[in-house]
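Have a look at the structure below, then the notes.
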Amino acid sequence: MTRAAFLLAVLATGSATPAGLMAQVSDTTNMRGALASVRQGGVTEAAVALLTQERQSRSPRELDAFADSLVVIATSYRRGDPRDQRRAALAASAALLAAAHPGVLSERAQRLAERGLGPPVPYPRAFEALVRVFDHEQDVGVSGGTLYLITQLPDAGRVLAFLADVAASPDHGTAPEAIRYLSMEMGEAGLVVLRRLYETDAVVDPTAREHLQALAHVHGWSR
């Protein structure tokens, strides 16, 4: 299973919950328990509930400190590490996205309403947290997966600007991925950004330039 597929599965299901972690997952007010759920079992439920302030309000400082801990877990994996550590890293990134993803929050709001509880509060700095994960990743494949997660955040303007910066960078691993996500995930606005990059000759990585030139040919762009 690819990184993106795993993360989407986590968002859709909340991840399978090992029996030994049930008590920690149910305690959504406990930061250490929520982090342990992510780190020990790749379980996101408690972390998302905490970041979205379900049942208990949190100060911005508390939320940011918790998000910082998730960033540490998300960037801890190195190629060759045990599978459980990789799963924890993936789950930490998934939790950050889920705490701001409109579709996930809508589903959680419905479940909470059925229990007489108020809706979740989107975590407002998920973009910054996932960008830090991207910036600190050392594995190209993992960075590409994180880039995909960033495309799923609701602030399209910031996402487009960030993808444009990555596409114009000399990073031969992620610049082509940014071109791909701009064309496949960001709709017409993504194509507008790609056309601007093409017409200004802003893309420097050879592979990314090839991808962009192919798109320019398909869409009939000219400089």
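In the structure tokens, chains take the letters A, B, ... in the order shown, each chain's residues start at 1, and ligands count up from 1 in the order shown.
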Excluding region 96-100 of chain A and any residue of its chain fewer than 3 positions from it, enumerate the residues within 8 Å of it, using only C-alpha atoms, and give them as a list of chain:residue names.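 In the requested form, the answer reads A:Leu11, A:Val48, A:Ala49, A:Leu51, A:Thr52, A:Ala67, A:Leu70, A:Ala92, A:Ser93, A:Val104, A:Leu105, A:Pro122, A:Tyr123, A:Pro124, A:Ala126, A:Ala129, A:Leu130, A:Leu149, A:Ile150, A:Gln152, A:Leu153, A:Pro154.
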Helix (DSSP H, G or I) call set, DSSP backbone run, chain A, as an NGL selection string: :A and (3-13 or 19-26 or 31-41 or 45-51 or 60-74 or 83-98 or 102-114 or 126-136 or 140-151 or 156-167 or 175-184 or 187-199 or 206-219)
So, counting only C-alpha atoms, which residue among A:Ser183, A:Ala208, A:Tyr148, A:Glu54 is closest to Gly116 (chain A)? A:Glu54
Kindly indicate which residue among A:Asn30, A:Arg86, A:Ala94, A:Val133 lies nearest to Val72 (chain A), using only C-alpha atoms for the distances. A:Val133
So what do you get for CA of Leu215 (chain A) versus CA of Arg158 (chain A), distance-wise?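 These atoms are spaced 22.6 Å apart.
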Skip Met186 (chain A) itself and residues of its chain fewer than 6 positions away, then list as JSON, numbers by chain all residues within 8 Å of it, counting only C-alpha atoms. {"A": [151, 156, 160]}
Rank A:Asp155, A:Glu177, A:Glu45, A:Glu210 by their smallest atom-to-atom distance to Pro102 (chain A), using only C-alpha atoms, and report the top residue only. A:Asp155
Between CA of Ser222 (chain A) and CA of Phe162 (chain A), what is the distance, to one decimal in Å?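 Between CA of Ser222 (chain A) and CA of Phe162 (chain A) the gap works out to 24.0 Å.
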Tell me, as a list in words, which residues lie within 12 Å of Arg195 (chain A), counting only C-alpha atoms; anything in the same chain fewer than 4 positions away does not count. Ala164, Ile179, Leu182, Ser183, Glu188, Ala189, Gly190, Leu191, Glu199, Thr200, Asp201, Ala202, Val203, Leu212, Gln213, Ala214, Leu215, Ala216, His217, Val218, His219, Gly220, Trp221, Ser222 and Arg223 of chain A
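Between CA of Asp64 (chain A) and CA of Ala95 (chain A) lies a distance of 13.4 Å.
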For Thr75 (chain A), work out the shell of residues within 12 Å, counting only C-alpha atoms and skipping chain neighbours fewer than 4 positions away, then give it as a ChimeraX atom specification. /A:68-71,79,85-93,129-139,142-143,146
Given the selection you just returned, output its residues as a file containing C-alpha atoms, formatted as a compact mmCIF listing (two decimals), in the first residue's frame.
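The resulting result-v7.txt:
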# COMPACT_ATOMS: atom_id res chain seq x y z
CA ASP A 68 4.59 19.82 17.37
CA SER A 69 4.74 16.37 18.97
CA LEU A 70 2.92 14.88 15.99
CA VAL A 71 5.42 16.54 13.66
CA ARG A 79 14.21 3.94 5.59
CA GLN A 85 7.61 3.15 13.32
CA ARG A 86 6.64 3.83 9.73
CA ARG A 87 2.98 3.29 10.59
CA ALA A 88 3.26 5.73 13.49
CA ALA A 89 4.84 8.37 11.26
CA LEU A 90 2.11 7.98 8.66
CA ALA A 91 -0.61 8.15 11.29
CA ALA A 92 0.84 11.35 12.78
CA SER A 93 0.66 13.07 9.38
CA ALA A 129 2.49 21.62 10.68
CA LEU A 130 2.39 19.56 7.48
CA VAL A 131 4.79 21.95 5.75
CA ARG A 132 7.23 21.36 8.59
CA VAL A 133 6.82 17.63 8.12
CA PHE A 134 7.57 18.08 4.42
CA ASP A 135 10.58 20.29 5.08
CA HIS A 136 12.15 17.83 7.54
CA GLU A 137 11.57 14.61 5.63
CA GLN A 138 14.73 13.00 4.26
CA ASP A 139 13.07 10.30 2.16
CA VAL A 142 7.74 10.15 2.06
CA SER A 143 8.06 13.83 1.13
CA THR A 146 3.27 14.60 2.57
Counting only C-alpha atoms, figure out which residue out of A:Gln56, A:Tyr198, A:Ala65, A:Asp84 gets nearest to Val43 (chain A).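 Between A:Gln56, A:Tyr198, A:Ala65, A:Asp84, the residue approaching Val43 (chain A) most closely is A:Asp84.
Nearest to Glu128 (chain A) of all the residues A:Tyr181, A:Val159, A:Ser37, A:Glu114 is A:Val159, counting only C-alpha atoms.
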